[in-house]
$ cat start-v9.txt   # compact mmCIF, C-alpha atoms and all ligand atoms
# COMPACT_ATOMS: atom_id res chain seq x y z
CA MET M 1 80.34 -102.82 -133.91
CA ASN M 2 77.40 -104.13 -131.91
CA SER M 3 75.43 -101.86 -129.56
CA GLU M 4 76.98 -103.34 -126.43
CA GLY M 5 80.34 -102.31 -127.77
CA ILE M 6 79.19 -98.72 -128.24
CA ILE M 7 77.63 -98.23 -124.81
CA LYS M 8 80.49 -98.07 -122.39
CA LYS M 9 79.99 -100.00 -119.22
CA ASP M 10 80.61 -97.04 -116.88
CA ILE M 11 77.90 -94.99 -118.59
CA LEU M 12 75.49 -97.73 -117.69
CA ASP M 13 75.91 -96.74 -114.08
CA SER M 14 72.49 -95.11 -113.78
CA ALA M 15 73.54 -91.96 -111.88
CA LEU M 16 76.17 -91.23 -114.48
CA LEU M 17 73.70 -91.92 -117.24
CA LEU M 18 71.26 -89.39 -115.80
CA ASP M 19 73.99 -86.75 -115.93
CA TYR M 20 73.94 -87.13 -119.70
CA VAL M 21 70.20 -86.42 -119.86
CA THR M 22 69.31 -82.82 -120.79
CA GLU M 23 66.16 -82.86 -118.64
CA ALA M 24 66.60 -81.81 -115.00
CA ILE M 25 65.81 -84.84 -112.82
CA VAL M 26 65.65 -84.61 -109.04
CA VAL M 27 64.72 -87.01 -106.25
CA SER M 28 63.72 -85.51 -102.92
CA ASP M 29 62.44 -86.91 -99.62
CA SER M 30 59.07 -86.18 -98.04
CA GLU M 31 60.56 -82.99 -96.54
CA THR M 32 61.66 -81.90 -100.03
CA ARG M 33 65.35 -82.43 -99.16
CA VAL M 34 67.35 -83.36 -102.27
CA LEU M 35 68.51 -86.98 -102.27
CA TYR M 36 69.72 -86.92 -105.85
CA ALA M 37 69.98 -84.24 -108.53
CA ASN M 38 71.45 -84.80 -111.97
CA ALA M 39 73.80 -82.34 -113.69
CA ALA M 40 70.96 -80.65 -115.60
CA THR M 41 69.16 -79.84 -112.33
CA LYS M 42 72.30 -78.25 -110.89
CA LYS M 43 72.71 -76.22 -114.06
CA LEU M 44 69.06 -75.15 -114.04
CA LEU M 45 69.19 -73.88 -110.46
CA GLY M 46 72.82 -72.71 -110.64
CA PHE M 47 74.08 -74.87 -107.75
CA GLU M 48 77.27 -76.93 -107.78
CA ASN M 49 75.92 -79.18 -105.09
CA LEU M 50 72.28 -79.65 -104.15
CA ASN M 51 72.70 -82.44 -101.61
CA HIS M 52 70.33 -81.94 -98.66
CA VAL M 53 69.12 -78.57 -99.99
CA LYS M 54 65.40 -78.26 -99.18
CA LEU M 55 63.65 -77.50 -102.45
CA PHE M 56 60.78 -75.93 -100.54
CA ASP M 57 63.20 -73.29 -99.17
CA LEU M 58 63.88 -72.19 -102.75
CA VAL M 59 60.19 -71.64 -103.50
CA HIS M 60 59.06 -68.00 -103.75
CA PRO M 61 57.34 -66.96 -100.48
CA GLU M 62 54.14 -66.11 -102.36
CA ASP M 63 54.05 -69.58 -103.96
CA LYS M 64 54.69 -71.62 -100.79
CA ASN M 65 51.01 -72.20 -99.95
CA LYS M 66 50.25 -73.22 -103.50
CA VAL M 67 53.16 -75.69 -103.42
CA LYS M 68 51.89 -77.21 -100.14
CA GLU M 69 48.53 -77.78 -101.82
CA TYR M 70 50.25 -79.39 -104.81
CA TYR M 71 51.91 -81.87 -102.47
CA GLN M 72 48.56 -82.84 -100.97
CA THR M 73 47.10 -83.35 -104.47
CA LEU M 74 50.20 -85.29 -105.51
CA LYS M 75 49.68 -87.70 -102.59
CA LYS M 76 46.24 -88.49 -103.95
CA THR M 77 46.99 -88.58 -107.66
CA THR M 78 50.59 -89.97 -107.63
CA SER M 79 51.74 -87.71 -110.46
CA LEU M 80 51.24 -84.00 -111.08
CA ILE M 81 52.48 -81.15 -113.27
CA SER M 82 52.69 -77.82 -111.44
CA ILE M 83 54.24 -74.36 -111.69
CA ARG M 84 56.10 -72.32 -109.08
CA ARG M 85 58.79 -69.65 -108.86
CA MET M 86 62.11 -70.92 -107.50
CA LYS M 87 65.15 -68.98 -106.39
CA LYS M 88 68.34 -69.80 -108.25
CA LYS M 89 71.80 -69.61 -106.67
CA SER M 90 72.18 -66.19 -108.30
CA GLY M 91 69.21 -64.89 -106.28
CA GLU M 92 67.08 -64.56 -109.41
CA TYR M 93 63.71 -66.30 -109.56
CA ALA M 94 62.87 -68.66 -112.41
CA ILE M 95 59.43 -69.99 -113.28
CA ILE M 96 59.72 -73.74 -112.94
CA GLU M 97 57.37 -76.39 -114.25
CA ARG M 98 57.61 -79.54 -112.17
CA ASN M 99 56.42 -82.91 -113.35
CA ALA M 100 56.43 -84.97 -110.16
CA ARG M 101 55.72 -88.56 -109.26
CA ILE M 102 55.37 -89.67 -105.66
CA LEU M 103 56.91 -92.93 -104.42
CA ASP M 104 55.60 -95.21 -101.65
CA ASP M 105 57.81 -93.71 -98.93
CA GLY M 106 56.62 -90.14 -99.65
CA SER M 107 59.74 -89.19 -101.60
CA THR M 108 59.29 -87.77 -105.08
CA ILE M 109 61.02 -88.01 -108.40
CA SER M 110 60.54 -84.97 -110.62
CA ILE M 111 61.50 -83.40 -113.88
CA LEU M 112 62.03 -79.62 -113.64
CA ARG M 113 61.76 -77.24 -116.57
CA ASP M 114 62.61 -73.54 -116.69
CA VAL M 115 59.56 -72.04 -118.42
CA THR M 116 60.32 -68.39 -117.57
CA GLU M 117 60.76 -67.34 -121.20
CA ARG M 118 57.67 -69.19 -122.38
CA PHE M 119 55.59 -67.86 -119.50
CA ASN M 120 56.65 -64.24 -120.05
CA PHE M 121 55.97 -64.58 -123.76
CA GLU M 122 52.49 -65.98 -123.14
CA GLN M 123 51.81 -63.11 -120.79
CA ARG M 124 52.99 -60.60 -123.39
CA LYS M 125 50.74 -62.27 -125.93
CA ASP M 126 47.72 -61.93 -123.62
CA THR M 127 48.46 -58.26 -123.00
CA PHE M 128 48.92 -57.82 -126.73
CA ILE M 129 45.32 -58.82 -127.45
CA SER M 130 43.93 -56.17 -125.13
CA VAL M 131 46.49 -53.60 -126.34
CA ALA M 132 45.66 -54.31 -129.99
CA SER M 133 41.92 -53.97 -129.41
CA HIS M 134 42.47 -50.72 -127.57
CA GLU M 135 44.74 -49.41 -130.32
CA LEU M 136 42.14 -50.18 -132.96
CA LYS M 137 39.28 -48.75 -130.97
CA ASN M 138 40.97 -45.42 -130.38
CA PRO M 139 41.11 -44.22 -134.00
CA LEU M 140 37.65 -45.68 -134.58
CA ASN M 141 36.24 -43.59 -131.73
CA ASN M 142 37.90 -40.50 -133.16
CA ILE M 143 36.51 -41.25 -136.61
CA SER M 144 32.94 -41.49 -135.31
CA LEU M 145 33.40 -38.39 -133.18
CA TYR M 146 34.67 -36.26 -136.09
CA SER M 147 32.01 -37.52 -138.49
CA GLU M 148 29.33 -36.57 -135.97
CA ILE M 149 30.89 -33.11 -135.59
CA ALA M 150 31.03 -32.76 -139.39
CA GLN M 151 27.37 -33.71 -139.73
CA ASN M 152 26.39 -31.10 -137.16
CA TYR M 153 28.36 -28.41 -138.98
CA ILE M 154 26.78 -29.41 -142.28
CA ALA M 155 23.33 -29.14 -140.67
CA GLU M 156 24.27 -25.63 -139.52
CA GLY M 157 25.52 -24.83 -143.01
CA ASN M 158 29.03 -24.20 -141.69
CA ILE M 159 30.94 -25.88 -144.54
CA PRO M 160 34.50 -24.68 -143.70
CA LYS M 161 34.23 -26.14 -140.19
CA ALA M 162 32.67 -29.35 -141.54
CA ARG M 163 35.58 -29.67 -143.96
CA TYR M 164 38.03 -29.14 -141.10
CA ALA M 165 36.40 -31.95 -139.08
CA LEU M 166 36.41 -34.28 -142.10
CA LYS M 167 40.12 -33.57 -142.64
CA LYS M 168 40.82 -34.83 -139.13
CA ILE M 169 39.41 -38.21 -140.10
CA LEU M 170 42.02 -39.03 -142.69
CA PRO M 171 45.04 -39.46 -140.36
CA GLN M 172 42.90 -41.67 -138.09
CA ILE M 173 42.03 -43.93 -141.02
CA GLU M 174 45.71 -43.99 -141.99
CA LYS M 175 46.63 -44.98 -138.42
CA MET M 176 44.05 -47.75 -138.35
CA SER M 177 45.03 -49.05 -141.72
CA ASN M 178 48.71 -49.18 -140.64
CA LEU M 179 47.81 -51.10 -137.51
CA ILE M 180 45.78 -53.60 -139.48
CA SER M 181 48.56 -54.05 -142.07
CA ASP M 182 51.04 -54.69 -139.24
CA LEU M 183 48.72 -57.32 -137.79
CA LEU M 184 48.23 -58.98 -141.17
CA ASP M 185 51.97 -58.95 -141.85
CA LEU M 186 52.61 -60.51 -138.48
CA ALA M 187 50.16 -63.30 -139.23
CA LYS M 188 51.75 -63.84 -142.66
CA ILE M 189 55.29 -63.91 -141.22
CA GLN M 190 54.23 -66.51 -138.64
CA ALA M 191 52.83 -68.64 -141.46
CA GLY M 192 55.91 -68.01 -143.63
CA LYS M 193 53.63 -66.41 -146.22
CA LEU M 194 54.81 -62.81 -146.41
CA GLU M 195 55.52 -62.25 -150.07
CA TYR M 196 58.36 -60.12 -151.36
CA ARG M 197 58.28 -58.44 -154.75
CA MET M 198 61.94 -58.00 -155.45
CA LYS M 199 63.29 -55.52 -157.96
CA LEU M 200 66.04 -52.92 -158.27
CA PHE M 201 65.01 -49.59 -156.77
CA SER M 202 66.54 -46.38 -155.50
CA LEU M 203 66.81 -46.50 -151.71
CA ASP M 204 67.87 -42.86 -151.76
CA GLU M 205 64.57 -41.75 -153.34
CA THR M 206 62.55 -44.07 -151.12
CA VAL M 207 64.03 -42.50 -147.98
CA ARG M 208 63.07 -39.03 -149.19
CA GLU M 209 59.52 -40.10 -150.21
CA VAL M 210 58.79 -41.83 -146.92
CA ALA M 211 60.19 -38.92 -144.89
CA ASP M 212 57.82 -36.53 -146.71
CA GLU M 213 54.82 -38.80 -146.06
CA VAL M 214 55.66 -39.24 -142.39
CA ILE M 215 55.92 -35.46 -141.93
CA VAL M 216 52.48 -34.98 -143.48
CA PHE M 217 50.85 -37.49 -141.14
CA SER M 218 52.66 -36.55 -137.93
CA LYS M 219 50.62 -34.43 -135.54
CA LYS M 220 53.68 -32.61 -134.20
CA LYS M 221 55.87 -30.41 -136.41
CA PHE M 222 58.98 -32.48 -137.01
CA HIS M 223 62.09 -31.74 -138.99
CA ILE M 224 63.72 -34.69 -140.75
CA ASP M 225 67.23 -33.80 -141.85
CA ILE M 226 68.43 -36.19 -144.59
CA ARG M 227 72.20 -36.32 -145.02
CA GLY M 228 74.35 -38.16 -147.57
CA LYS M 229 73.49 -39.92 -150.81
CA ILE M 230 73.12 -43.46 -152.13
CA LEU M 231 73.82 -43.59 -155.87
CA ASN M 232 73.48 -47.34 -156.50
CA PRO M 233 70.17 -49.16 -156.49
CA VAL M 234 69.39 -51.92 -154.03
CA TYR M 235 67.55 -55.12 -154.88
CA GLY M 236 64.51 -55.62 -152.72
CA ASP M 237 60.83 -55.03 -152.06
CA LYS M 238 60.41 -51.27 -152.16
CA ASP M 239 57.09 -51.28 -150.27
CA LYS M 240 58.46 -53.42 -147.47
CA ILE M 241 61.57 -51.26 -147.11
CA SER M 242 59.30 -48.19 -147.07
CA GLN M 243 57.35 -49.85 -144.29
CA VAL M 244 60.57 -50.34 -142.29
CA LEU M 245 61.44 -46.67 -142.74
CA GLN M 246 57.92 -45.61 -141.75
CA ASN M 247 58.14 -47.70 -138.61
CA LEU M 248 61.54 -46.34 -137.62
CA LEU M 249 60.54 -42.72 -138.27
CA ALA M 250 57.19 -43.17 -136.50
CA ASN M 251 59.02 -44.58 -133.47
CA SER M 252 61.50 -41.69 -133.46
CA ILE M 253 58.61 -39.22 -133.47
CA LYS M 254 56.62 -41.17 -130.89
CA TYR M 255 59.52 -41.53 -128.48
CA SER M 256 60.74 -37.92 -128.75
CA PRO M 257 58.23 -36.14 -126.54
CA SER M 258 60.24 -32.93 -126.20
CA GLN M 259 62.44 -32.86 -129.32
CA ASN M 260 61.48 -32.32 -132.93
CA THR M 261 64.54 -33.20 -134.98
CA ILE M 262 65.40 -36.50 -136.63
CA ILE M 263 68.60 -36.99 -138.60
CA VAL M 264 68.58 -39.61 -141.34
CA ASN M 265 72.00 -40.58 -142.64
CA VAL M 266 72.23 -42.48 -145.92
CA SER M 267 75.50 -43.90 -147.22
CA GLU M 268 76.98 -46.68 -149.30
CA ASN M 269 80.22 -48.58 -149.78
CA ALA M 270 81.24 -51.12 -152.42
CA GLU M 271 78.77 -53.76 -151.26
CA THR M 272 76.17 -52.23 -149.01
CA ALA M 273 73.88 -49.27 -148.54
CA SER M 274 72.91 -48.13 -145.07
CA VAL M 275 70.27 -45.90 -143.58
CA SER M 276 70.33 -44.69 -140.01
CA VAL M 277 67.53 -42.88 -138.22
CA LYS M 278 68.77 -40.83 -135.29
CA ASP M 279 66.53 -39.18 -132.72
CA PHE M 280 67.12 -37.21 -129.54
CA GLY M 281 64.26 -38.74 -127.59
CA ILE M 282 63.92 -40.86 -124.47
CA GLY M 283 66.49 -43.50 -125.51
CA ILE M 284 66.54 -47.17 -124.56
CA LYS M 285 68.18 -48.82 -121.55
CA LYS M 286 71.09 -51.17 -122.37
CA GLU M 287 69.31 -54.24 -121.02
CA GLU M 288 66.27 -53.53 -123.22
CA GLN M 289 68.10 -52.88 -126.48
CA ASN M 290 67.89 -56.50 -127.62
CA LYS M 291 64.41 -57.21 -126.30
CA ILE M 292 62.73 -54.41 -128.27
CA PHE M 293 63.08 -56.49 -131.44
CA GLU M 294 61.06 -59.30 -129.90
CA LYS M 295 57.41 -59.74 -130.76
CA PHE M 296 55.02 -57.75 -128.49
CA TYR M 297 57.85 -56.27 -126.41
CA GLN M 298 57.46 -52.68 -125.26
CA ALA M 299 60.03 -51.15 -122.93
CA PRO M 300 58.34 -50.44 -119.58
CA SER M 301 60.11 -47.07 -119.40
CA SER M 302 58.48 -45.90 -122.64
CA SER M 303 54.85 -46.84 -121.97
CA ARG M 304 53.80 -43.47 -120.60
CA TYR M 305 54.90 -41.73 -123.77
CA ALA M 306 53.30 -43.83 -126.39
CA SER M 307 50.75 -46.23 -127.67
CA GLY M 308 51.51 -49.14 -130.00
CA MET M 309 51.48 -52.90 -130.13
CA GLY M 310 55.15 -53.81 -129.86
CA ILE M 311 55.32 -55.44 -133.27
CA GLY M 312 56.85 -52.69 -135.44
CA LEU M 313 60.50 -53.51 -134.80
CA PHE M 314 59.90 -57.26 -134.97
CA LEU M 315 58.46 -56.80 -138.47
CA CYS M 316 61.29 -54.44 -139.47
CA ARG M 317 63.97 -56.91 -138.42
CA GLU M 318 62.24 -59.80 -140.22
CA ILE M 319 61.94 -57.76 -143.42
CA ILE M 320 65.57 -56.61 -143.33
CA LYS M 321 66.78 -60.15 -142.55
CA LYS M 322 64.84 -61.48 -145.56
CA HIS M 323 66.78 -58.97 -147.70
CA GLY M 324 70.07 -60.37 -146.45
CA GLY M 325 70.66 -57.26 -144.39
CA ARG M 326 70.72 -56.34 -140.70
CA LEU M 327 68.99 -53.88 -138.41
CA PHE M 328 70.46 -52.75 -135.09
CA VAL M 329 70.18 -50.01 -132.49
CA GLU M 330 72.62 -47.81 -130.63
CA SER M 331 71.13 -45.77 -127.86
CA GLU M 332 71.83 -43.85 -124.71
CA TYR M 333 69.01 -43.84 -122.21
CA GLY M 334 67.68 -40.30 -121.86
CA ALA M 335 69.67 -38.95 -124.81
CA GLY M 336 68.29 -40.63 -127.95
CA SER M 337 68.51 -43.63 -130.25
CA THR M 338 69.94 -44.48 -133.65
CA PHE M 339 68.41 -47.35 -135.63
CA THR M 340 70.49 -48.47 -138.62
CA PHE M 341 69.74 -50.93 -141.37
CA VAL M 342 72.26 -52.18 -143.89
CA LEU M 343 71.22 -53.74 -147.19
CA PRO M 344 73.32 -55.42 -149.86
CA LEU M 345 73.62 -53.34 -153.03
CA GLY M 346 72.42 -54.67 -156.38
CA LYS M 347 71.22 -58.20 -156.87
CA VAL M 348 71.33 -60.62 -153.93
CA ALA M 349 71.33 -64.38 -154.14
CA SER M 350 67.82 -65.83 -153.65
N1 LIG S 401 63.23 -44.45 -131.29
C1 LIG S 401 62.96 -45.04 -130.11
N2 LIG S 401 63.28 -44.43 -128.93
C2 LIG S 401 63.03 -45.04 -127.75
N3 LIG S 401 62.44 -46.24 -127.62
C3 LIG S 401 62.10 -46.90 -128.74
C4 LIG S 401 62.34 -46.35 -130.04
N4 LIG S 401 61.89 -47.22 -130.96
C5 LIG S 401 61.40 -48.27 -130.27
N5 LIG S 401 61.51 -48.09 -128.94
C6 LIG S 401 61.12 -49.04 -127.87
O1 LIG S 401 60.98 -50.32 -128.47
C7 LIG S 401 59.67 -50.86 -128.23
C8 LIG S 401 59.26 -51.70 -129.41
O2 LIG S 401 59.09 -50.89 -130.58
P1 LIG S 401 58.06 -51.34 -131.69
O3 LIG S 401 58.12 -50.38 -132.81
O4 LIG S 401 58.29 -52.78 -131.97
O5 LIG S 401 56.66 -51.27 -130.93
P2 LIG S 401 55.72 -50.01 -130.60
O6 LIG S 401 56.24 -48.77 -131.24
O7 LIG S 401 55.55 -49.99 -129.13
O8 LIG S 401 54.35 -50.47 -131.24
P3 LIG S 401 54.00 -50.66 -132.81
O9 LIG S 401 53.68 -52.10 -132.93
O10 LIG S 401 52.83 -49.78 -133.02
O11 LIG S 401 55.20 -50.24 -133.61
C9 LIG S 401 58.80 -49.63 -128.00
O12 LIG S 401 57.65 -49.96 -127.25
C10 LIG S 401 59.76 -48.72 -127.24
O13 LIG S 401 59.81 -49.11 -125.89
MG MG S 402 56.67 -48.86 -133.40
$ encode --input "start-v9.txt" --output "structure tokens"
Amino acid sequence: MNSEGIIKKDILDSALLLDYVTEAIVVSDSETRVLYANAATKKLLGFENLNHVKLFDLVHPEDKNKVKEYYQTLKKTTSLISIRRMKKKSGEYAIIERNARILDDGSTISILRDVTERFNFEQRKDTFISVASHELKNPLNNISLYSEIAQNYIAEGNIPKARYALKKILPQIEKMSNLISDLLDLAKIQAGKLEYRMKLFSLDETVREVADEVIVFSKKKFHIDIRGKILNPVYGDKDKISQVLQNLLANSIKYSPSQNTIIVNVSENAETASVSVKDFGIGIKKEEQNKIFEKFYQAPSSSRYASGMGIGLFLCREIIKKHGGRLFVESEYGAGSTFTFVLPLGKVAS
């Protein structure tokens, strides 16, 4: 069949054709009143009908002056890409990128894009750089402080106190080294270069080993109650799974400011083994439970309790996914959280 046969005549009607385009296209007069909006524009802003709606009325009050300036620039340059917040039908604001072209009569034809997600992510990334530097500087400051104290004690001949100060350095080095490994892993994951050394290992033993280590390095006295048993081995990278456990336990400790118990449940069925880490800490709001697995995301409600870079859970989920398993959270805000990961038992395909 020739191409004319494929393209139906009615689709060639240009307005109809534009409704098939996924980009939001809008034509507005010099007063920003909508003359034409395609289906994608209506979807983007949540309106069924945009006829005669003044786009300028939808602009966030704080962005109105900026938008007026854009229009003046547009008149001089004929086309312009700009950003503003616009109110959707739902009342929510979206960050909209507008690629506009002005026509002779002062009307404009524009493509609108919702860049809210991208914008928020970029912002999180910027914050991350300052957070990461701060997180690395903190243990470094403590290390230099304690080594200075140790030197002074040695000069005074007070060896027991010098030894005490030196002992304080070790957890700081451990903290720094964990942060750096997380950063390196993140970089490797982005490049698709995180390597997995797969073999059969006992998840049951690993859970017990990691719990012991975490207790040694935690500043607060915590009790980790391990319940259940996994008899079968799992096939995976033992170090990476240990890292997941470390992250989950460290979070439980960090986000339990006034509790000191963690319950770890291990169990298995015919095909899978699962480990759940339950704490009685601050919990996570429903609307944040999905976001916490995103890169650099830290729940605003938790910031006053803890430091961190917001990459731990992202790494955990990536690692578990690579093992053909899943990691999820159940939580009640104010009462505690349970993070569970499920791994296939025995050998997994590729
Ligand atoms: N057990 C928990 N209880 C309450 N909130 C939690 C818990 N675990 C994670 N969160 C929330 O999820 C967010 C993301 O966790 P994640 O481990 O990715 O980052 P982080 O702990 O802030 O930093 P780091 O990169 O050092 O791990 C935390 O900032 C916190 O808001
Ligand atoms: Mg963490």
$ residues_near_ligand --input "start-v9.txt" --ligand "ligand MG 402 (chain S)" --cutoff "9 Å" --atoms "only C-alpha atoms and all ligand atoms" --output "number ranges by chain"
M: 247-252, 254, 307-313
$ residues_around --input "start-v9.txt" --residues "Leu231 of chain M" --least-positions-apart "2" --cutoff "9 Å" --atoms "only C-alpha atoms" --output "list in words"
Ser202, Leu203, Asp204, Lys229, Pro233, Ser267 and Glu268 of chain M
$ write_last_selection --input "start-v9.txt" --atoms "C-alpha atoms" --output "mmCIF file, keeping the file's coordinate frame"
data_model
loop_
_atom_site.group_PDB
_atom_site.id
_atom_site.type_symbol
_atom_site.label_atom_id
_atom_site.label_comp_id
_atom_site.auth_asym_id
_atom_site.auth_seq_id
_atom_site.Cartn_x
_atom_site.Cartn_y
_atom_site.Cartn_z
ATOM 1 C CA SER M 202 66.540 -46.380 -155.500
ATOM 2 C CA LEU M 203 66.810 -46.500 -151.710
ATOM 3 C CA ASP M 204 67.870 -42.860 -151.760
ATOM 4 C CA LYS M 229 73.490 -39.920 -150.810
ATOM 5 C CA PRO M 233 70.170 -49.160 -156.490
ATOM 6 C CA SER M 267 75.500 -43.900 -147.220
ATOM 7 C CA GLU M 268 76.980 -46.680 -149.300
#
$ closest_atom_pairs --input "start-v9.txt" --of "chain M" --to "ligand LIG 401 (chain S)" --cutoff "9 Å" --atoms "only C-alpha atoms and all ligand atoms" --output "Markdown table"
| residue | atom | partner | partner_atom | distance |
| --- | --- | --- | --- | --- |
| M:Ala132 | CA | S:LIG401 | O9 | 8.8 |
| M:Glu135 | CA | S:LIG401 | O10 | 8.5 |
| M:Asn178 | CA | S:LIG401 | O10 | 8.7 |
| M:Leu179 | CA | S:LIG401 | O10 | 6.9 |
| M:Asp182 | CA | S:LIG401 | O9 | 7.3 |
| M:Leu183 | CA | S:LIG401 | O9 | 8.7 |
| M:Asn247 | CA | S:LIG401 | O11 | 6.3 |
| M:Leu248 | CA | S:LIG401 | N4 | 6.7 |
| M:Leu249 | CA | S:LIG401 | N1 | 7.7 |
| M:Ala250 | CA | S:LIG401 | O6 | 7.7 |
| M:Asn251 | CA | S:LIG401 | N4 | 4.6 |
| M:Ser252 | CA | S:LIG401 | N1 | 3.9 |
| M:Ile253 | CA | S:LIG401 | N1 | 7.3 |
| M:Lys254 | CA | S:LIG401 | N1 | 7.4 |
| M:Tyr255 | CA | S:LIG401 | N2 | 4.8 |
| M:Ser256 | CA | S:LIG401 | N2 | 7.0 |
| M:Val277 | CA | S:LIG401 | N1 | 8.3 |
| M:Lys278 | CA | S:LIG401 | N1 | 7.7 |
| M:Asp279 | CA | S:LIG401 | N1 | 6.4 |
| M:Phe280 | CA | S:LIG401 | N2 | 8.2 |
| M:Gly281 | CA | S:LIG401 | N2 | 5.9 |
| M:Ile282 | CA | S:LIG401 | C2 | 5.4 |
| M:Gly283 | CA | S:LIG401 | C2 | 4.4 |
| M:Ile284 | CA | S:LIG401 | C2 | 5.2 |
| M:Lys285 | CA | S:LIG401 | N3 | 8.7 |
| M:Glu288 | CA | S:LIG401 | O1 | 8.1 |
| M:Gln289 | CA | S:LIG401 | O1 | 7.8 |
| M:Lys291 | CA | S:LIG401 | O1 | 8.0 |
| M:Ile292 | CA | S:LIG401 | O1 | 4.5 |
| M:Phe293 | CA | S:LIG401 | O4 | 6.1 |
| M:Glu294 | CA | S:LIG401 | O4 | 7.4 |
| M:Lys295 | CA | S:LIG401 | O4 | 7.1 |
| M:Phe296 | CA | S:LIG401 | O4 | 6.9 |
| M:Tyr297 | CA | S:LIG401 | C8 | 5.6 |
| M:Gln298 | CA | S:LIG401 | O12 | 3.4 |
| M:Ala299 | CA | S:LIG401 | O13 | 3.6 |
| M:Pro300 | CA | S:LIG401 | O13 | 6.6 |
| M:Ser301 | CA | S:LIG401 | O13 | 6.8 |
| M:Ser302 | CA | S:LIG401 | O13 | 4.8 |
| M:Ser303 | CA | S:LIG401 | O13 | 6.7 |
| M:Ala306 | CA | S:LIG401 | O7 | 7.1 |
| M:Ser307 | CA | S:LIG401 | O7 | 6.3 |
| M:Gly308 | CA | S:LIG401 | O10 | 3.4 |
| M:Met309 | CA | S:LIG401 | O9 | 3.6 |
| M:Gly310 | CA | S:LIG401 | O5 | 3.1 |
| M:Ile311 | CA | S:LIG401 | O9 | 3.7 |
| M:Gly312 | CA | S:LIG401 | O11 | 3.5 |
| M:Leu313 | CA | S:LIG401 | O4 | 3.7 |
| M:Phe314 | CA | S:LIG401 | O4 | 5.6 |
| M:Leu315 | CA | S:LIG401 | O4 | 7.6 |
| M:Cys316 | CA | S:LIG401 | O4 | 8.2 |
| M:Val329 | CA | S:LIG401 | N4 | 8.9 |
| M:Ser331 | CA | S:LIG401 | N2 | 8.0 |
| M:Tyr333 | CA | S:LIG401 | C2 | 8.2 |
| M:Gly334 | CA | S:LIG401 | C2 | 8.9 |
| M:Gly336 | CA | S:LIG401 | N2 | 6.4 |
| M:Ser337 | CA | S:LIG401 | N1 | 5.4 |
| M:Thr338 | CA | S:LIG401 | N1 | 7.1 |
| M:Phe339 | CA | S:LIG401 | N1 | 7.4 |
$ atom_distance --input "start-v9.txt" --atom1 "atom CA of Ile109 of chain M" --atom2 "atom CA of Ser28 of chain M"
6.6 Å
$ residues_around --input "start-v9.txt" --residues "Lys87 of chain M" --least-positions-apart "3" --cutoff "8 Å" --atoms "only C-alpha atoms" --output "VMD selection string"
chain M and resid 45 58 to 60 90 to 94
$ atom_distance --input "start-v9.txt" --atom1 "atom CA of Lys220 of chain M" --atom2 "atom CA of Ser242 of chain M"
21.0 Å
$ closest_residue --input "start-v9.txt" --among "M:Arg317, M:Asn99, M:Ala162, M:His52" --to "Tyr70 of chain M" --atoms "all atoms listed in the file"
M:Asn99
$ atom_distance --input "start-v9.txt" --atom1 "atom CA of Thr272 of chain M" --atom2 "atom CA of Lys199 of chain M"
16.0 Å
$ closest_residue --input "start-v9.txt" --among "M:Asp19, M:Glu69, M:Glu156, M:Asp212" --to "Asn38 of chain M" --atoms "all atoms listed in the file"
M:Asp19
$ residues_around --input "start-v9.txt" --residues "Leu136 of chain M" --least-positions-apart "3" --cutoff "9 Å" --atoms "all atoms listed in the file" --output "list of chain:residue names"
M:Val131, M:Ala132, M:Ser133, M:Pro139, M:Leu140, M:Asn141, M:Lys175, M:Met176, M:Leu179, M:Ile180
$ closest_residue --input "start-v9.txt" --among "M:Phe201, M:Tyr20, M:Phe222, M:Phe217" --to "Val234 of chain M" --atoms "only C-alpha atoms"
M:Phe201
$ closest_residue --input "start-v9.txt" --among "M:Lys321, M:Lys193, M:Lys286, M:His223" --to "Gly236 of chain M" --atoms "all atoms listed in the file"
M:Lys321
$ closest_residue --input "start-v9.txt" --among "M:Ala335, M:Val26, M:Ile96, M:Ile154" --to "Ala39 of chain M" --atoms "all atoms listed in the file"
M:Val26
$ residues_around --input "start-v9.txt" --residues "Ala40 of chain M" --least-positions-apart "5" --cutoff "12 Å" --atoms "all atoms listed in the file" --output "PyMOL selection string"
chain M and resi 16-26+45-50+111-114
$ closest_residue --input "start-v9.txt" --among "M:Asn265, M:Thr73, M:Asn260, M:Asn232" --to "Leu345 of chain M" --atoms "all atoms listed in the file"
M:Asn232
